[in-house]
>>> print(open('run-v3.txt').read())   # compact mmCIF, C-alpha atoms and all ligand atoms
# COMPACT_ATOMS: atom_id res chain seq x y z
CA MET A 1 111.10 88.02 59.48
CA ASP A 2 111.25 89.70 62.88
CA LEU A 3 112.78 87.82 65.80
CA ILE A 4 111.13 88.18 69.22
CA THR A 5 113.12 87.17 72.28
CA VAL A 6 110.96 86.00 75.18
CA ILE A 7 112.87 86.34 78.46
CA VAL A 8 111.53 84.15 81.27
CA PRO A 9 113.06 84.61 84.74
CA CYS A 10 112.58 81.40 86.71
CA PHE A 11 113.06 80.80 90.39
CA ASN A 12 111.75 77.42 91.55
CA GLU A 13 109.26 77.13 88.71
CA GLU A 14 109.40 73.39 87.92
CA ALA A 15 105.64 73.13 88.48
CA SER A 16 104.62 75.98 86.17
CA LEU A 17 107.13 75.50 83.33
CA PRO A 18 105.19 72.72 81.54
CA TYR A 19 102.08 74.95 81.51
CA PHE A 20 104.15 77.87 80.37
CA PHE A 21 105.68 75.93 77.53
CA ARG A 22 102.29 74.71 76.34
CA ALA A 23 101.00 78.29 76.31
CA TYR A 24 104.12 79.41 74.47
CA GLU A 25 103.65 76.79 71.75
CA GLN A 26 100.08 77.94 71.33
CA LEU A 27 101.20 81.55 71.11
CA LYS A 28 103.72 80.62 68.44
CA SER A 29 101.03 79.04 66.33
CA THR A 30 98.99 82.25 66.43
CA MET A 31 102.00 84.43 65.50
CA ARG A 32 103.41 82.78 62.43
CA MET A 33 104.62 86.08 60.97
CA VAL A 34 107.53 86.24 63.45
CA SER A 35 110.17 83.85 64.72
CA PHE A 36 110.89 83.33 68.40
CA GLU A 37 113.84 82.93 70.70
CA LEU A 38 112.95 81.64 74.17
CA LEU A 39 115.50 82.57 76.80
CA PHE A 40 115.11 81.07 80.27
CA ILE A 41 117.06 82.61 83.12
CA ASP A 42 117.31 80.19 85.99
CA ASP A 43 117.79 82.43 88.99
CA GLY A 44 119.46 79.88 91.27
CA SER A 45 116.45 77.58 91.61
CA LYS A 46 116.67 74.90 94.27
CA ASP A 47 114.20 72.53 92.62
CA ASN A 48 114.35 70.82 89.22
CA THR A 49 113.73 73.97 87.21
CA LEU A 50 117.10 73.78 85.47
CA SER A 51 116.70 70.17 84.34
CA VAL A 52 113.19 70.93 83.03
CA ILE A 53 114.67 73.83 81.06
CA LYS A 54 117.56 71.70 79.77
CA ASP A 55 115.12 69.07 78.52
CA LEU A 56 113.20 71.72 76.63
CA ALA A 57 116.39 73.27 75.23
CA ALA A 58 117.65 69.91 74.02
CA ASN A 59 114.53 69.39 71.92
CA HIS A 60 113.96 72.88 70.56
CA GLU A 61 116.48 74.87 68.61
CA GLU A 62 115.11 78.28 69.67
CA ILE A 63 115.29 77.61 73.42
CA LYS A 64 118.32 78.88 75.32
CA TYR A 65 119.10 79.21 78.99
CA ILE A 66 121.39 80.84 81.48
CA SER A 67 121.71 79.55 85.01
CA PHE A 68 122.96 81.70 87.88
CA SER A 69 125.30 80.53 90.61
CA ARG A 70 122.71 81.50 93.23
CA ASN A 71 119.48 83.46 93.57
CA PHE A 72 120.26 87.02 92.47
CA GLY A 73 116.66 88.22 92.24
CA LYS A 74 114.28 88.84 89.36
CA GLU A 75 115.87 92.18 88.46
CA ALA A 76 119.26 90.53 87.89
CA ALA A 77 117.61 87.81 85.82
CA MET A 78 115.88 90.40 83.66
CA TYR A 79 119.15 92.25 83.07
CA ALA A 80 120.96 89.03 82.11
CA GLY A 81 118.14 88.33 79.68
CA LEU A 82 118.46 91.75 78.06
CA GLN A 83 122.20 91.33 77.70
CA HIS A 84 121.88 88.02 75.90
CA ALA A 85 118.73 88.60 73.85
CA GLN A 86 119.31 88.54 70.10
CA GLY A 87 115.83 89.58 69.05
CA ASP A 88 114.67 92.67 67.17
CA TYR A 89 112.02 92.81 69.88
CA VAL A 90 112.30 91.62 73.45
CA VAL A 91 109.54 90.72 75.89
CA PHE A 92 109.66 89.74 79.58
CA MET A 93 107.23 87.06 80.65
CA ASP A 94 106.77 85.38 84.03
CA ALA A 95 106.92 81.60 84.11
CA ASP A 96 103.65 81.36 86.05
CA LEU A 97 101.38 82.58 83.19
CA GLN A 98 100.34 85.66 85.15
CA ASP A 99 101.39 87.57 82.04
CA PRO A 100 98.74 86.46 79.53
CA PRO A 101 100.45 85.43 76.27
CA SER A 102 97.19 86.20 74.45
CA LEU A 103 98.05 89.92 74.69
CA LEU A 104 101.29 89.54 72.78
CA PRO A 105 99.96 89.76 69.20
CA ASP A 106 98.40 93.16 69.94
CA MET A 107 101.51 94.29 71.78
CA TYR A 108 103.64 93.27 68.83
CA LYS A 109 101.37 95.17 66.46
CA ALA A 110 101.70 98.33 68.57
CA VAL A 111 105.48 98.23 68.50
CA ALA A 112 106.09 96.86 65.02
CA GLU A 113 103.40 98.78 63.14
CA ASP A 114 101.98 101.64 65.19
CA GLY A 115 105.25 103.35 65.98
CA TYR A 116 105.49 102.68 69.72
CA ASP A 117 108.80 101.71 71.27
CA SER A 118 107.31 99.59 74.00
CA ALA A 119 104.03 97.90 74.78
CA ALA A 120 103.46 97.62 78.51
CA THR A 121 100.81 95.93 80.59
CA ARG A 122 99.04 96.74 83.81
CA ARG A 123 96.62 94.86 85.97
CA VAL A 124 93.43 96.72 86.69
CA THR A 125 92.39 94.32 89.43
CA ARG A 126 94.34 92.64 92.15
CA ALA A 127 91.88 89.83 92.81
CA GLY A 128 93.40 86.82 94.48
CA GLU A 129 96.07 88.85 96.20
CA PRO A 130 96.15 89.29 99.99
CA PRO A 131 94.25 92.57 100.71
CA ILE A 132 97.05 93.87 102.92
CA ARG A 133 99.50 93.52 100.01
CA SER A 134 97.21 95.41 97.63
CA PHE A 135 96.73 98.11 100.24
CA PHE A 136 100.45 98.75 100.67
CA ALA A 137 101.06 98.50 96.94
CA ARG A 138 98.52 101.24 96.37
CA ILE A 139 100.11 103.46 99.04
CA PHE A 140 103.52 102.85 97.48
CA TYR A 141 102.43 103.96 94.02
CA ARG A 142 100.64 107.02 95.33
CA LEU A 143 103.69 108.02 97.38
CA MET A 144 106.15 107.36 94.57
CA ASN A 145 104.26 109.48 92.09
CA ARG A 146 104.34 112.36 94.57
CA ILE A 147 108.05 112.17 95.35
CA SER A 148 109.58 111.09 92.06
CA HIS A 149 109.78 112.66 88.62
CA THR A 150 109.74 109.25 86.98
CA GLU A 151 106.19 108.17 86.43
CA LEU A 152 105.16 104.85 87.93
CA VAL A 153 101.92 103.26 86.83
CA ASP A 154 99.87 101.51 89.50
CA GLY A 155 99.52 97.83 88.72
CA ALA A 156 102.22 97.94 86.03
CA ARG A 157 103.77 94.55 85.31
CA ASP A 158 107.22 93.73 84.03
CA TYR A 159 105.43 92.07 81.07
CA ARG A 160 106.52 94.42 78.32
CA LEU A 161 107.48 94.16 74.66
CA MET A 162 110.30 96.49 73.68
CA SER A 163 111.97 97.56 70.47
CA ARG A 164 115.73 97.13 70.04
CA LYS A 165 116.15 100.87 70.62
CA PHE A 166 114.37 100.61 73.98
CA VAL A 167 116.40 97.55 74.98
CA ASN A 168 119.69 99.24 74.15
CA ALA A 169 118.66 102.21 76.29
CA LEU A 170 117.92 99.88 79.21
CA LEU A 171 121.28 98.18 78.76
CA GLU A 172 122.98 101.54 79.22
CA LEU A 173 121.54 101.66 82.73
CA SER A 174 123.90 99.18 84.31
CA GLU A 175 123.30 100.14 87.91
CA TYR A 176 123.53 97.53 90.63
CA ASN A 177 120.35 98.48 92.48
CA ARG A 178 117.86 97.84 89.75
CA PHE A 179 114.22 98.85 89.87
CA SER A 180 112.88 98.09 86.42
CA LYS A 181 109.46 99.64 86.91
CA GLY A 182 111.28 102.95 87.30
CA LEU A 183 113.93 102.31 84.65
CA PHE A 184 111.25 101.63 82.03
CA GLY A 185 109.77 105.05 82.66
CA TRP A 186 113.14 106.74 82.98
CA VAL A 187 114.38 105.82 79.50
CA GLY A 188 111.35 107.52 77.94
CA PHE A 189 110.14 106.71 74.40
CA ARG A 190 106.53 106.07 73.52
CA THR A 191 104.73 103.36 75.43
CA LYS A 192 101.32 101.90 74.74
CA TRP A 193 99.51 100.47 77.77
CA PHE A 194 97.41 97.34 77.80
CA ALA A 195 95.12 96.70 80.76
CA TYR A 196 93.95 93.29 81.88
CA GLU A 197 92.30 91.57 84.83
CA ASN A 198 94.62 89.84 87.24
CA VAL A 199 95.28 86.19 86.48
CA GLU A 200 96.23 83.82 89.27
CA ARG A 201 99.41 81.77 89.19
CA VAL A 202 99.04 78.54 87.24
CA ALA A 203 101.14 76.46 89.70
CA GLY A 204 103.69 76.85 92.46
CA GLU A 205 103.60 79.89 94.72
CA THR A 206 104.72 83.50 94.72
CA LYS A 207 108.40 84.15 95.47
CA TRP A 208 107.72 87.50 97.07
CA SER A 209 107.18 87.66 100.80
CA PHE A 210 105.81 90.82 102.34
CA TRP A 211 109.27 91.61 103.67
CA LYS A 212 110.97 91.13 100.28
CA LEU A 213 108.39 93.44 98.70
CA LEU A 214 108.92 96.08 101.37
CA LEU A 215 112.68 96.09 100.76
CA TYR A 216 112.03 96.26 97.00
CA ALA A 217 109.81 99.30 97.61
CA VAL A 218 112.63 100.97 99.55
CA ASP A 219 114.97 100.19 96.62
CA GLY A 220 112.50 101.92 94.33
CA ILE A 221 112.20 105.01 96.49
CA VAL A 222 115.94 105.40 97.02
CA ALA A 223 116.67 104.83 93.33
CA PHE A 224 114.14 107.31 91.99
CA SER A 225 113.69 110.05 94.56
CA THR A 226 115.75 112.21 96.85
CA VAL A 227 112.66 113.67 98.49
CA PRO A 228 113.18 111.66 101.73
CA LEU A 229 116.52 113.48 102.18
CA ILE A 230 114.90 116.86 101.65
CA ALA A 231 112.03 115.91 103.93
CA SER A 232 114.41 115.01 106.74
CA THR A 233 116.25 118.33 106.34
CA VAL A 234 112.96 120.23 106.51
CA PHE A 235 111.92 118.13 109.50
CA GLY A 236 115.16 119.02 111.28
CA LEU A 237 114.80 122.69 110.45
CA LEU A 238 111.24 122.81 111.78
CA SER A 239 112.17 121.16 115.05
CA CYS A 240 115.07 123.62 115.46
CA LEU A 241 112.65 126.53 115.05
CA LEU A 242 110.25 124.94 117.50
CA SER A 243 112.95 124.47 120.13
CA PHE A 244 114.18 128.07 119.72
CA ALA A 245 110.66 129.22 120.42
CA GLY A 246 110.58 126.89 123.42
CA ILE A 247 113.86 128.26 124.81
CA LEU A 248 112.61 131.82 124.47
CA PHE A 249 109.42 130.88 126.27
CA VAL A 250 111.35 129.26 129.15
CA ILE A 251 113.65 132.28 129.57
CA VAL A 252 110.80 134.76 129.57
CA ARG A 253 108.83 132.67 132.05
CA LYS A 254 111.87 132.43 134.36
CA LEU A 255 112.27 136.21 134.33
CA LEU A 256 108.59 136.89 134.94
CA VAL A 257 107.46 134.19 137.38
CA GLY A 258 110.59 132.41 138.60
CA ASP A 259 111.27 128.74 137.91
CA PRO A 260 109.60 126.16 140.15
CA ILE A 261 110.90 122.67 139.29
CA GLN A 262 108.22 121.22 137.10
CA GLY A 263 107.73 119.56 133.77
CA TRP A 264 110.38 116.80 133.82
CA ALA A 265 107.91 114.44 132.19
CA SER A 266 107.41 116.68 129.20
CA THR A 267 111.19 117.16 128.98
CA VAL A 268 111.72 113.42 128.77
CA CYS A 269 109.05 113.15 126.06
CA ILE A 270 110.72 115.88 124.04
CA ILE A 271 114.15 114.26 124.37
CA LEU A 272 112.70 110.95 123.20
CA LEU A 273 110.94 112.62 120.28
CA MET A 274 114.05 114.46 119.16
CA GLY A 275 116.15 111.32 119.52
CA GLY A 276 113.64 109.42 117.45
CA ILE A 277 113.56 112.02 114.70
CA GLN A 278 117.35 112.08 114.59
CA LEU A 279 117.59 108.30 114.31
CA LEU A 280 114.94 108.27 111.58
CA CYS A 281 116.77 110.90 109.56
CA THR A 282 120.11 109.17 110.03
CA GLY A 283 118.43 105.98 108.88
CA ILE A 284 117.15 107.67 105.72
CA LEU A 285 120.61 109.05 105.05
CA GLY A 286 122.02 105.59 105.70
CA GLN A 287 119.78 104.06 103.03
CA TYR A 288 121.19 106.37 100.39
CA LEU A 289 124.73 105.83 101.64
CA ALA A 290 124.32 102.07 101.59
CA LYS A 291 123.05 102.13 98.00
CA THR A 292 125.91 104.40 96.99
CA TYR A 293 128.35 102.00 98.66
CA LEU A 294 126.92 99.06 96.74
CA GLU A 295 127.13 100.98 93.46
CA ALA A 296 130.70 102.09 94.21
CA LYS A 297 131.84 98.49 94.61
CA LYS A 298 130.82 97.82 91.01
CA ARG A 299 130.04 94.19 91.68
CA PRO A 300 128.58 92.20 88.80
CA ILE A 301 124.77 92.11 88.81
CA TYR A 302 124.76 88.31 88.46
CA ILE A 303 127.16 85.40 88.10
CA ILE A 304 126.56 82.66 85.56
CA ASN A 305 127.05 79.07 86.61
CA GLU A 306 126.24 77.48 83.28
CA GLN A 307 124.55 78.40 80.01
CA SER A 308 123.39 76.65 76.89
CA SER A 309 125.96 76.36 74.12
CA LYS A 310 123.60 78.30 71.84
CA ILE A 311 124.27 81.49 73.81
CA LYS A 312 126.88 83.74 72.31
CA GLY A 313 129.47 85.42 74.52
N1 LIG A 401 111.57 85.30 90.03
C1 LIG A 401 112.96 85.23 89.84
N2 LIG A 401 113.78 85.47 90.92
C2 LIG A 401 113.28 85.76 92.17
C3 LIG A 401 111.88 85.84 92.32
C4 LIG A 401 111.06 85.61 91.24
O1 LIG A 401 113.43 84.98 88.74
O2 LIG A 401 114.08 85.94 93.09
C5 LIG A 401 110.67 85.04 88.87
C6 LIG A 401 109.63 83.96 89.10
O3 LIG A 401 110.13 82.69 88.82
C7 LIG A 401 108.51 84.36 88.15
C8 LIG A 401 108.62 85.89 88.15
O4 LIG A 401 109.92 86.21 88.62
O5 LIG A 401 108.71 83.87 86.84
C9 LIG A 401 107.56 86.54 89.03
O6 LIG A 401 107.60 86.00 90.33
P1 LIG A 401 106.31 85.67 91.16
O7 LIG A 401 105.29 85.05 90.28
O8 LIG A 401 106.74 84.88 92.36
O9 LIG A 401 105.86 87.12 91.59
P2 LIG A 401 104.36 87.69 91.67
O10 LIG A 401 103.72 87.37 90.35
O11 LIG A 401 103.73 86.99 92.81
O12 LIG A 401 104.56 89.15 91.87
MG MG A 402 103.58 85.62 89.50
>>> encode(input="run-v3.txt", output="structure tokens")
Amino acid sequence: MDLITVIVPCFNEEASLPYFFRAYEQLKSTMRMVSFELLFIDDGSKDNTLSVIKDLAANHEEIKYISFSRNFGKEAAMYAGLQHAQGDYVVFMDADLQDPPSLLPDMYKAVAEDGYDSAATRRVTRAGEPPIRSFFARIFYRLMNRISHTELVDGARDYRLMSRKFVNALLELSEYNRFSKGLFGWVGFRTKWFAYENVERVAGETKWSFWKLLLYAVDGIVAFSTVPLIASTVFGLLSCLLSFAGILFVIVRKLLVGDPIQGWASTVCIILLMGGIQLLCTGILGQYLAKTYLEAKKRPIYIINEQSSKIKG
């Protein structure tokens, strides 16, 4: 019988976990042909998430948990889950039931029977989300697909069922700055997509502020594209050409009509513009340098505070 590991990253999810567990039990009863391992990753929650998880783990043999020493972010939690999953198949699922468990039987069929290596999901609507967030998300995906060779699917979720082969490939990518939506595409293999309408959170609230999402988007761009670096070089080159033309113009004008003192305002504008462009380009360079610095330090992606005794290693 196949074993499916369900990885659930949890950060302050005490309110949604009971709902999640009920849905999980129901899912289990519809998928009797497989056995399950439920792996909770407590990502440094400040509420009672860990004690809720411990209660569940004490009463159910298949439930395991890992608890981080602080909040390391969802990406770190997902990686920890992959490293400790024992299943032949592994699936990520949010604790807030925004990843409908009802899709899992079809996803399992695609991977186990139809020869796919992963079954991924995407939301086709973003109802219930602040419009400004949807707007920037859409811009992000459009931009990313222009500037990166790795394909990113708009609305793609982390909810994905993967074969062991796919999981092992992901484990090879042990980088510190993780952007799973890109890593999934980067490893390749055959993926079947499942579309669904957005579901709102069952309880609690989203852990992503606009600012956190913006930084995550920068992570994604820096990790999967070097186009910003090329763009800043081209930008610099163009402004050099422009200023050469300007210098020539000034010299010729001086020779032909003399040089009455004029145009300081435009000079100041140009200095400001050039200064701005230079700072922008240095900033872009700095982003890449900073990420390289973080990678070079080879810090662990997460630190475990405690884990259930059922976890090996
Ligand atoms: N999450 C996490 N660490 C974080 C932020 C979120 O483990 O730093 C978990 C969270 O508990 C949830 C999942 O990641 O199970 C998705 O988070 P959320 O629902 O807040 O994101 P949204 O669905 O709004 O994008
Ligand atoms: Mg959510």
>>> axis_aligned_box(input="run-v3.txt", around="region 271-276 of chain A", padding_each_side="4 Å", output="JSON")
{"center_x": 113.5, "center_y": 111.9, "center_z": 120.9, "size_x": 13.2, "size_y": 13.0, "size_z": 14.9}
>>> residues_near_point(input="run-v3.txt", point="(94.1, 95.7, 80.8)", cutoff="7 Å", atoms="all atoms listed in the file", output="PDB file with C-alpha atoms, keeping the file's coordinate frame")
ATOM      1  CA  THR A 121     100.810  95.930  80.590  1.00  0.00           C
ATOM      2  CA  ARG A 122      99.040  96.740  83.810  1.00  0.00           C
ATOM      3  CA  ARG A 123      96.620  94.860  85.970  1.00  0.00           C
ATOM      4  CA  VAL A 124      93.430  96.720  86.690  1.00  0.00           C
ATOM      5  CA  PHE A 194      97.410  97.340  77.800  1.00  0.00           C
ATOM      6  CA  ALA A 195      95.120  96.700  80.760  1.00  0.00           C
ATOM      7  CA  TYR A 196      93.950  93.290  81.880  1.00  0.00           C
ATOM      8  CA  GLU A 197      92.300  91.570  84.830  1.00  0.00           C
TER       9      GLU A 197
END
>>> atom_distance(input="run-v3.txt", atom1="CA of Pro228 (chain A)", atom2="CA of Val268 (chain A)")
27.1 Å
>>> closest_atom_pairs(input="run-v3.txt", of="chain A", to="ligand MG 402 (chain A)", cutoff="9 Å", atoms="all atoms listed in the file", output="JSON lines")
{"residue": "A:Asp94", "atom": "CA", "partner": "A:MG402", "partner_atom": "MG", "distance": 6.3}
{"residue": "A:Ala95", "atom": "CA", "partner": "A:MG402", "partner_atom": "MG", "distance": 7.5}
{"residue": "A:Asp96", "atom": "CA", "partner": "A:MG402", "partner_atom": "MG", "distance": 5.5}
{"residue": "A:Leu97", "atom": "CA", "partner": "A:MG402", "partner_atom": "MG", "distance": 7.3}
{"residue": "A:Gln98", "atom": "CA", "partner": "A:MG402", "partner_atom": "MG", "distance": 5.4}
{"residue": "A:Asp99", "atom": "CA", "partner": "A:MG402", "partner_atom": "MG", "distance": 8.0}
{"residue": "A:Val199", "atom": "CA", "partner": "A:MG402", "partner_atom": "MG", "distance": 8.9}
{"residue": "A:Glu200", "atom": "CA", "partner": "A:MG402", "partner_atom": "MG", "distance": 7.6}
{"residue": "A:Arg201", "atom": "CA", "partner": "A:MG402", "partner_atom": "MG", "distance": 5.7}
{"residue": "A:Val202", "atom": "CA", "partner": "A:MG402", "partner_atom": "MG", "distance": 8.7}
{"residue": "A:Glu205", "atom": "CA", "partner": "A:MG402", "partner_atom": "MG", "distance": 7.8}
{"residue": "A:Thr206", "atom": "CA", "partner": "A:MG402", "partner_atom": "MG", "distance": 5.7}
{"residue": "A:Lys207", "atom": "CA", "partner": "A:MG402", "partner_atom": "MG", "distance": 7.8}
{"residue": "A:Trp208", "atom": "CA", "partner": "A:MG402", "partner_atom": "MG", "distance": 8.8}
>>> closest_residue(input="run-v3.txt", among="A:Phe235, A:Tyr216, A:Phe36, A:Tyr293", to="Cys281 (chain A)", atoms="all atoms listed in the file")
A:Phe235
>>> residues_near_ligand(input="run-v3.txt", ligand="ligand LIG 401 (chain A)", cutoff="10 Å", atoms="only C-alpha atoms and all ligand atoms", output="JSON, numbers by chain")
{"A": [7, 8, 9, 10, 11, 12, 13, 14, 16, 17, 20, 40, 41, 42, 43, 44, 45, 49, 70, 71, 72, 73, 74, 75, 76, 77, 78, 92, 93, 94, 95, 96, 97, 98, 99, 129, 157, 158, 159, 198, 199, 200, 201, 202, 203, 204, 205, 206, 207, 208, 209, 212, 213]}
>>> closest_residue(input="run-v3.txt", among="A:Lys297, A:Arg22, A:Met274, A:Asp154", to="Leu238 (chain A)", atoms="only C-alpha atoms")
A:Met274
>>> atom_distance(input="run-v3.txt", atom1="CA of Met33 (chain A)", atom2="CA of Glu113 (chain A)")
12.9 Å
>>> residues_around(input="run-v3.txt", residues="Leu171 (chain A)", least_positions_apart="2", cutoff="12 Å", atoms="all atoms listed in the file", output="VMD selection string")
chain A and resid 78 to 85 164 to 169 173 to 175 178 180 183 to 184 187
>>> residues_near_point(input="run-v3.txt", point="(107.8, 101.6, 87.5)", cutoff="8 Å", atoms="only C-alpha atoms", output="list of chain:residue names")
A:Thr150, A:Glu151, A:Leu152, A:Val153, A:Ala156, A:Phe179, A:Ser180, A:Lys181, A:Gly182, A:Leu183, A:Phe184, A:Gly185
>>> atom_distance(input="run-v3.txt", atom1="CA of Ala223 (chain A)", atom2="CA of Phe210 (chain A)")
19.9 Å
